[in-house]
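Structure file entry12.txt; described as compact mmCIF, C-alpha atoms.
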# COMPACT_ATOMS: atom_id res chain seq x y z
CA MET A 1 -27.50 -52.09 49.13
CA ALA A 2 -24.33 -54.17 49.47
CA ILE A 3 -20.94 -52.48 49.20
CA ASN A 4 -19.34 -53.71 45.98
CA VAL A 5 -15.70 -54.63 46.66
CA LEU A 6 -12.93 -55.61 44.26
CA ILE A 7 -9.72 -57.16 45.61
CA ALA A 8 -6.51 -56.75 43.58
CA ASP A 9 -3.41 -58.33 45.09
CA GLN A 10 -0.19 -59.89 43.82
CA GLU A 11 -0.79 -62.94 46.05
CA ARG A 12 -3.66 -64.99 44.64
CA ILE A 13 -4.08 -67.09 47.79
CA PHE A 14 -4.40 -63.95 49.94
CA ALA A 15 -6.90 -62.36 47.55
CA ASP A 16 -9.08 -65.49 47.40
CA ALA A 17 -9.01 -66.03 51.17
CA LEU A 18 -9.92 -62.40 51.85
CA ALA A 19 -12.71 -62.52 49.29
CA ALA A 20 -14.21 -65.61 50.95
CA ARG A 21 -14.22 -63.93 54.36
CA LEU A 22 -15.66 -60.65 53.12
CA ASP A 23 -18.38 -62.41 51.14
CA ASP A 24 -19.79 -63.77 54.39
CA GLU A 25 -20.86 -60.24 55.35
CA ASP A 26 -24.46 -59.35 54.52
CA ASP A 27 -23.61 -55.77 53.52
CA ILE A 28 -20.59 -56.57 51.33
CA GLY A 29 -20.56 -58.09 47.88
CA VAL A 30 -17.22 -59.16 46.41
CA MET A 31 -17.12 -58.41 42.68
CA GLY A 32 -13.90 -60.34 42.23
CA ALA A 33 -10.49 -61.25 43.58
CA VAL A 34 -7.73 -60.82 41.04
CA GLN A 35 -4.00 -61.32 40.96
CA VAL A 36 -2.22 -58.26 39.62
CA GLU A 37 1.46 -57.33 39.46
CA ALA A 38 1.33 -54.17 37.32
CA PRO A 39 -1.17 -51.49 36.30
CA SER A 40 -3.98 -53.16 34.36
CA SER A 41 -6.30 -51.04 32.23
CA TRP A 42 -9.29 -53.28 32.83
CA LEU A 43 -9.11 -52.51 36.55
CA VAL A 44 -10.12 -48.94 35.81
CA THR A 45 -12.23 -49.34 32.68
CA GLY A 46 -14.58 -52.13 33.70
CA LYS A 47 -17.63 -51.90 35.94
CA PRO A 48 -16.45 -49.70 38.83
CA ALA A 49 -16.37 -51.14 42.32
CA GLN A 50 -17.48 -48.99 45.21
CA VAL A 51 -14.36 -49.98 47.14
CA MET A 52 -11.13 -51.47 45.81
CA LEU A 53 -8.74 -53.25 48.15
CA LEU A 54 -5.44 -52.70 46.37
CA ASP A 55 -2.10 -54.29 47.20
CA GLY A 56 0.11 -51.39 48.26
CA ASP A 57 3.18 -53.62 47.95
CA LEU A 58 3.02 -54.04 44.17
CA PRO A 59 6.45 -53.69 42.49
CA GLY A 60 7.73 -50.18 41.92
CA ASP A 61 5.05 -47.50 41.82
CA ALA A 62 2.37 -49.75 40.31
CA ALA A 63 -0.13 -49.37 43.16
CA ASN A 64 0.03 -45.58 43.09
CA ARG A 65 -0.38 -45.53 39.31
CA ILE A 66 -3.49 -47.70 39.52
CA CYS A 67 -4.84 -45.52 42.33
CA GLU A 68 -4.16 -42.35 40.35
CA LYS A 69 -6.13 -43.70 37.38
CA LEU A 70 -8.99 -44.66 39.67
CA SER A 71 -9.05 -41.23 41.34
CA SER A 72 -10.86 -39.85 38.29
CA CYS A 73 -13.70 -42.27 39.00
CA GLU A 74 -15.51 -40.71 41.94
CA SER A 75 -17.55 -43.86 42.59
CA THR A 76 -14.46 -45.96 43.49
CA GLN A 77 -12.65 -45.56 46.79
CA VAL A 78 -9.24 -47.21 47.18
CA ILE A 79 -8.00 -48.87 50.35
CA MET A 80 -4.31 -49.69 50.21
CA LEU A 81 -3.39 -52.98 51.88
CA SER A 82 0.25 -53.47 52.84
CA LEU A 83 2.52 -55.67 54.91
CA SER A 84 4.12 -52.51 56.30
CA SER A 85 3.55 -48.78 56.56
CA GLY A 86 5.47 -45.54 56.79
CA PRO A 87 4.55 -41.86 56.52
CA GLU A 88 6.23 -41.33 53.13
CA ARG A 89 4.39 -44.26 51.53
CA ILE A 90 1.06 -43.29 53.08
CA VAL A 91 1.35 -39.65 52.02
CA LYS A 92 2.17 -40.65 48.43
CA ALA A 93 -0.84 -42.96 48.37
CA PHE A 94 -3.18 -40.27 49.64
CA GLN A 95 -1.74 -37.75 47.17
CA VAL A 96 -2.83 -39.99 44.28
CA GLY A 97 -6.31 -40.53 45.69
CA ALA A 98 -6.25 -43.37 48.23
CA ALA A 99 -8.91 -43.15 50.93
CA ALA A 100 -7.28 -45.43 53.50
CA TRP A 101 -4.16 -47.39 54.38
CA VAL A 102 -4.54 -50.70 56.25
CA ARG A 103 -1.85 -53.17 57.22
CA LYS A 104 -2.48 -56.75 56.15
CA ASP A 105 -1.90 -58.01 59.68
CA GLU A 106 -4.87 -56.04 61.03
CA SER A 107 -7.94 -57.98 62.12
CA LEU A 108 -10.83 -58.70 59.76
CA GLU A 109 -13.10 -56.71 62.05
CA HIS A 110 -10.87 -53.69 61.66
CA LEU A 111 -10.77 -54.01 57.87
CA LEU A 112 -14.57 -54.31 57.77
CA GLN A 113 -14.87 -51.13 59.80
CA VAL A 114 -12.58 -49.29 57.36
CA ILE A 115 -14.42 -50.62 54.30
CA ARG A 116 -17.77 -49.49 55.66
CA GLY A 117 -16.37 -46.09 56.62
CA VAL A 118 -14.69 -45.53 53.26
CA ALA A 119 -17.92 -46.49 51.48
CA GLN A 120 -19.54 -43.61 53.37
CA GLY A 121 -16.88 -41.15 52.25
CA GLU A 122 -14.55 -41.42 55.25
CA SER A 123 -10.75 -41.66 55.20
CA TRP A 124 -8.56 -43.66 57.53
CA LEU A 125 -4.94 -43.59 58.68
CA PRO A 126 -3.14 -46.07 60.97
CA PRO A 127 -3.20 -44.41 64.43
CA SER A 128 0.48 -45.20 64.98
CA GLU A 129 1.38 -43.27 61.82
CA THR A 130 -1.04 -40.34 62.11
CA ALA A 131 1.29 -37.88 63.83
CA ASP A 132 4.16 -38.55 61.41
CA VAL A 133 1.85 -38.37 58.40
CA ILE A 134 0.43 -35.03 59.52
CA GLN A 135 3.93 -33.68 60.14
CA LEU A 136 5.05 -34.79 56.69
CA LEU A 137 1.96 -33.29 55.06
CA LEU A 138 2.69 -29.97 56.79
CA HIS A 139 6.26 -30.10 55.53
CA VAL A 140 5.09 -30.86 51.99
CA ARG A 141 2.64 -27.94 52.18
CA GLU A 142 5.34 -25.54 53.39
CA GLN A 143 7.73 -26.74 50.69
CA ARG A 144 5.04 -26.21 48.06
CA ARG A 145 4.46 -22.66 49.30
CA GLU A 146 8.19 -21.96 49.14
CA ASN A 147 8.34 -23.35 45.60
CA GLU A 148 5.41 -21.14 44.62
CA ARG A 149 7.20 -18.10 46.07
CA LEU A 150 10.36 -18.88 44.09
CA LEU A 151 8.46 -19.52 40.86
CA ALA A 152 6.65 -16.20 41.27
CA THR A 153 10.00 -14.36 41.00
CA LEU A 154 10.48 -15.47 37.39
CA THR A 155 9.85 -13.14 34.48
CA GLU A 156 7.33 -14.09 31.80
CA ARG A 157 10.12 -15.15 29.44
CA GLU A 158 11.80 -17.25 32.13
CA ARG A 159 8.41 -18.84 32.83
CA ALA A 160 8.03 -19.62 29.13
CA VAL A 161 11.45 -21.26 28.99
CA LEU A 162 10.78 -23.34 32.09
CA ALA A 163 7.32 -24.24 30.80
CA CYS A 164 8.89 -25.63 27.62
CA LEU A 165 11.23 -27.79 29.67
CA ALA A 166 8.40 -28.95 31.92
CA GLY A 167 6.38 -29.72 28.80
CA GLY A 168 9.01 -32.10 27.47
CA ALA A 169 11.56 -30.00 25.55
CA ALA A 170 14.74 -32.03 25.84
CA HIS A 171 17.41 -29.33 25.42
CA ARG A 172 18.13 -25.65 24.78
CA ASP A 173 17.87 -26.03 21.01
CA ALA A 174 14.33 -27.38 21.32
CA VAL A 175 13.32 -24.54 23.64
CA ALA A 176 14.87 -21.96 21.29
CA LYS A 177 12.99 -23.37 18.32
CA GLN A 178 9.68 -23.49 20.19
CA LEU A 179 9.97 -19.91 21.47
CA HIS A 180 11.66 -18.50 18.35
CA LEU A 181 14.69 -17.39 20.34
CA SER A 182 18.41 -17.81 19.88
CA VAL A 183 20.16 -20.59 21.79
CA ASN A 184 22.30 -17.97 23.57
CA THR A 185 19.18 -16.13 24.74
CA VAL A 186 17.69 -19.36 26.06
CA ARG A 187 20.96 -20.12 27.82
CA THR A 188 20.86 -16.73 29.53
CA HIS A 189 17.25 -17.23 30.64
CA LEU A 190 18.12 -20.67 32.00
CA GLN A 191 21.06 -19.30 33.98
CA ASN A 192 18.90 -16.53 35.42
CA LEU A 193 15.96 -18.73 36.37
CA MET A 194 18.17 -21.38 37.97
CA ALA A 195 19.85 -18.68 40.06
CA LYS A 196 16.47 -17.34 41.20
CA LEU A 197 15.20 -20.82 42.06
CA GLY A 198 18.41 -21.78 43.84
CA VAL A 199 18.95 -24.94 41.77
CA HIS A 200 21.93 -26.25 39.84
CA SER A 201 20.28 -28.07 36.95
CA THR A 202 17.25 -27.85 34.69
CA VAL A 203 16.06 -31.17 36.14
CA GLU A 204 15.84 -29.56 39.58
CA ALA A 205 14.08 -26.52 38.12
CA VAL A 206 11.46 -28.67 36.39
CA ALA A 207 10.96 -30.65 39.61
CA LEU A 208 9.77 -27.47 41.34
CA THR A 209 6.90 -27.16 38.84
CA ARG A 210 5.46 -30.64 39.39
CA ASP A 211 3.34 -29.65 42.37
CA ASN A 212 2.62 -26.19 40.97
CA PRO A 213 1.27 -26.70 37.42
CA ASP A 214 -0.98 -23.64 37.50
CA TRP A 215 1.86 -21.09 37.67
CA ILE A 216 2.87 -21.60 34.02
CA HIS A 217 1.51 -18.75 31.92
CA GLY A 218 4.52 -17.95 29.73
CA ASP A 219 3.79 -16.20 26.44
CA ASN A 220 5.32 -17.31 23.18
CA ASP A 221 6.33 -14.06 21.51
CA THR A 222 9.81 -13.77 20.09
CA SER A 223 11.05 -10.91 22.23
CA SER A 224 13.79 -11.62 24.73

Using structure tokens, write down the structure that the file contains.
Amino acid sequence: MAINVLIADQERIFADALAARLDDEDDIGVMGAVQVEAPSSWLVTGKPAQVMLLDGDLPGDAANRICEKLSSCESTQVIMLSLSSGPERIVKAFQVGAAAWVRKDESLEHLLQVIRGVAQGESWLPPSETADVIQLLLHVREQRRENERLLATLTERERAVLACLAGGAAHRDAVAKQLHLSVNTVRTHLQNLMAKLGVHSTVEAVALTRDNPDWIHGDNDTSS
């Protein structure tokens, strides 16, 4: 069975040229080569490709958002193609579900090797970036553990207040209304939880919860 590949790149000429070269391979079938500059719903709702070659240099965070949507589709593996690399960019891509990162100046033979490997469930990192990526991943893991330790020091009420903020409550009044508390009580809980977490704003406090969504178990009774 041929490996179904979809190419999505902001440069139409590049996408078409790559599609023509890949289509010469007996074990690869190119489903399409499309020009894309922003997240497109049809990329993730149409017939799924086995492998998507996605332009990692799309404006802003578009590539990661597309990859994140595709990560829920287990049959599609994403290979990020980029003119450059860097541990931070690679780690972010892998965190949203990418299976490989390949520079656009790599040889066709190399790309074919990665496509075939990814189709078999393998992952791939640029050798020159591997050490830095691993070091960054270890740092991220340690930071997550430290965040978990800090969040575990909060009381149930403080958890509930922070959960409201993380859930979209815009200010103290909204939190007070949701939890049936006074604004002064909410203010006190906010001061206490920020002190425990070692942060200076509610934005920083909410940021600590992003990688630890499972810790939120605050109750909603009216006691303070």

Which residues of range 65-168 of chain A come within 12 Å of range 50-59 of chain A, and what is each one's closest atom pair and distance in Å (one decimal), counting all atoms listed in the file, sorted by chain and residue number, as a Markdown table?
| residue | atom | partner | partner_atom | distance |
| --- | --- | --- | --- | --- |
| A:Arg65 | CA | A:Leu58 | CA | 10.4 |
| A:Ile66 | CA | A:Leu54 | CA | 8.7 |
| A:Cys67 | CA | A:Leu54 | CA | 8.3 |
| A:Leu70 | CA | A:Met52 | CA | 9.4 |
| A:Ser71 | CA | A:Met52 | CA | 11.4 |
| A:Cys73 | CA | A:Gln50 | CA | 9.9 |
| A:Glu74 | CA | A:Gln50 | CA | 9.1 |
| A:Ser75 | CA | A:Gln50 | CA | 5.8 |
| A:Thr76 | CA | A:Gln50 | CA | 4.6 |
| A:Gln77 | CA | A:Val51 | CA | 4.8 |
| A:Val78 | CA | A:Met52 | CA | 4.9 |
| A:Ile79 | CA | A:Leu53 | CA | 5.0 |
| A:Met80 | CA | A:Leu54 | CA | 5.0 |
| A:Leu81 | CA | A:Asp55 | CA | 5.0 |
| A:Ser82 | CA | A:Gly56 | CA | 5.0 |
| A:Leu83 | CA | A:Asp57 | CA | 7.3 |
| A:Ser84 | CA | A:Asp57 | CA | 8.5 |
| A:Ser85 | CA | A:Gly56 | CA | 9.4 |
| A:Gly86 | CA | A:Gly56 | CA | 11.6 |
| A:Arg89 | CA | A:Gly56 | CA | 8.9 |
| A:Ile90 | CA | A:Gly56 | CA | 9.5 |
| A:Lys92 | CA | A:Gly56 | CA | 10.9 |
| A:Ala93 | CA | A:Gly56 | CA | 8.5 |
| A:Phe94 | CA | A:Gly56 | CA | 11.7 |
| A:Gly97 | CA | A:Met52 | CA | 12.0 |
| A:Ala98 | CA | A:Leu54 | CA | 9.5 |
| A:Ala99 | CA | A:Val51 | CA | 9.5 |
| A:Ala100 | CA | A:Leu53 | CA | 9.6 |
| A:Trp101 | CA | A:Gly56 | CA | 8.5 |
| A:Val102 | CA | A:Gly56 | CA | 9.3 |
| A:Arg103 | CA | A:Gly56 | CA | 9.3 |
| A:Lys104 | CA | A:Asp55 | CA | 9.3 |
| A:Leu111 | CA | A:Leu53 | CA | 10.0 |
| A:Leu112 | CA | A:Leu53 | CA | 11.3 |
| A:Val114 | CA | A:Val51 | CA | 10.4 |
| A:Ile115 | CA | A:Val51 | CA | 7.2 |
| A:Arg116 | CA | A:Val51 | CA | 9.2 |
| A:Gly117 | CA | A:Val51 | CA | 10.4 |
| A:Val118 | CA | A:Val51 | CA | 7.6 |
| A:Ala119 | CA | A:Val51 | CA | 6.6 |
| A:Gln120 | CA | A:Gln50 | CA | 10.0 |
| A:Gly121 | CA | A:Val51 | CA | 10.5 |
| A:Glu122 | CA | A:Val51 | CA | 11.8 |

Which one of A:Asp16, A:Glu88, A:Asp105, A:Asp26 sits closest to Asp132 in chain A if you count all atoms listed in the file?
-> A:Glu88

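The interatomic distance for the pair CA of Ser182 in chain A and CA of Glu158 in chain A works out to 13.9 Å.
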
Please identify all polymer residues within 10 Å of Asn192 in chain A, counting all atoms listed in the file, omitting same-chain residues fewer than 4 positions from it, and present them as number ranges by chain.
-> A: 154-155, 158, 186-188, 196-198

Work out how far CA of Arg157 in chain A is from CA of Val183 in chain A, in Å to one decimal.
-> 13.7 Å

Please measure the separation of CA of Ala131 in chain A and CA of Val91 in chain A, giving the value in Å to one decimal.
->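 Straight-line distance from CA of Ala131 in chain A to CA of Val91 in chain A works out to 11.9 Å.
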
Between A:Val5, A:Val96, A:Met194, A:Ile134, single out the one closest to Gly32 in chain A, counting all atoms listed in the file.
->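 Under the stated criterion, the closest residue is A:Val5.
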
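The residue that comes closest to Thr209 in chain A, out of A:Arg144, A:His180, A:His189, A:Arg172 and on the basis of only C-alpha atoms, is A:Arg144.
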
Nearest to Asp9 in chain A, chosen from A:Val30, A:Ala63, A:Asp23, A:Arg159, with only C-alpha atoms counted in the distances |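 Closest to Asp9 in chain A, using only C-alpha atoms: A:Ala63.
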
Box dimensions and centre (Å, one decimal) enclosing range 75-87 of chain A, axis-aligned, 6 Å extra per side, as AutoDock Vina command-line options:
--center_x -6.0 --center_y -48.8 --center_z 49.7 --size_x 35.0 --size_y 25.8 --size_z 26.2

Starting from the incomplete input, reconstruct N, CA and C atoms of range 134-145 of chain A and write that as a PDB file, keeping the file's coordinate frame.
ATOM      1  N   ILE A 134       0.833 -36.430  59.446  1.00  0.00           N
ATOM      2  CA  ILE A 134       0.430 -35.030  59.520  1.00  0.00           C
ATOM      3  C   ILE A 134       1.649 -34.114  59.453  1.00  0.00           C
ATOM      4  N   GLN A 135       2.711 -34.478  60.164  1.00  0.00           N
ATOM      5  CA  GLN A 135       3.930 -33.680  60.140  1.00  0.00           C
ATOM      6  C   GLN A 135       4.524 -33.620  58.742  1.00  0.00           C
ATOM      7  N   LEU A 136       4.515 -34.749  58.041  1.00  0.00           N
ATOM      8  CA  LEU A 136       5.050 -34.790  56.690  1.00  0.00           C
ATOM      9  C   LEU A 136       4.189 -33.979  55.733  1.00  0.00           C
ATOM     10  N   LEU A 137       2.869 -34.070  55.900  1.00  0.00           N
ATOM     11  CA  LEU A 137       1.960 -33.290  55.060  1.00  0.00           C
ATOM     12  C   LEU A 137       2.174 -31.794  55.263  1.00  0.00           C
ATOM     13  N   LEU A 138       2.408 -31.380  56.504  1.00  0.00           N
ATOM     14  CA  LEU A 138       2.690 -29.970  56.790  1.00  0.00           C
ATOM     15  C   LEU A 138       3.988 -29.533  56.127  1.00  0.00           C
ATOM     16  N   HIS A 139       4.980 -30.412  56.171  1.00  0.00           N
ATOM     17  CA  HIS A 139       6.260 -30.100  55.530  1.00  0.00           C
ATOM     18  C   HIS A 139       6.089 -29.974  54.023  1.00  0.00           C
ATOM     19  N   VAL A 140       5.335 -30.897  53.435  1.00  0.00           N
ATOM     20  CA  VAL A 140       5.090 -30.860  51.990  1.00  0.00           C
ATOM     21  C   VAL A 140       4.365 -29.565  51.613  1.00  0.00           C
ATOM     22  N   ARG A 141       3.387 -29.171  52.447  1.00  0.00           N
ATOM     23  CA  ARG A 141       2.640 -27.940  52.180  1.00  0.00           C
ATOM     24  C   ARG A 141       3.540 -26.717  52.253  1.00  0.00           C
ATOM     25  N   GLU A 142       4.421 -26.663  53.256  1.00  0.00           N
ATOM     26  CA  GLU A 142       5.340 -25.540  53.390  1.00  0.00           C
ATOM     27  C   GLU A 142       6.324 -25.500  52.231  1.00  0.00           C
ATOM     28  N   GLN A 143       6.796 -26.685  51.803  1.00  0.00           N
ATOM     29  CA  GLN A 143       7.730 -26.740  50.690  1.00  0.00           C
ATOM     30  C   GLN A 143       7.056 -26.275  49.410  1.00  0.00           C
ATOM     31  N   ARG A 144       5.791 -26.635  49.246  1.00  0.00           N
ATOM     32  CA  ARG A 144       5.040 -26.210  48.060  1.00  0.00           C
ATOM     33  C   ARG A 144       4.873 -24.690  48.052  1.00  0.00           C
ATOM     34  N   ARG A 145       4.593 -24.124  49.208  1.00  0.00           N
ATOM     35  CA  ARG A 145       4.460 -22.660  49.300  1.00  0.00           C
ATOM     36  C   ARG A 145       5.773 -21.979  48.963  1.00  0.00           C
TER      37      ARG A 145
END
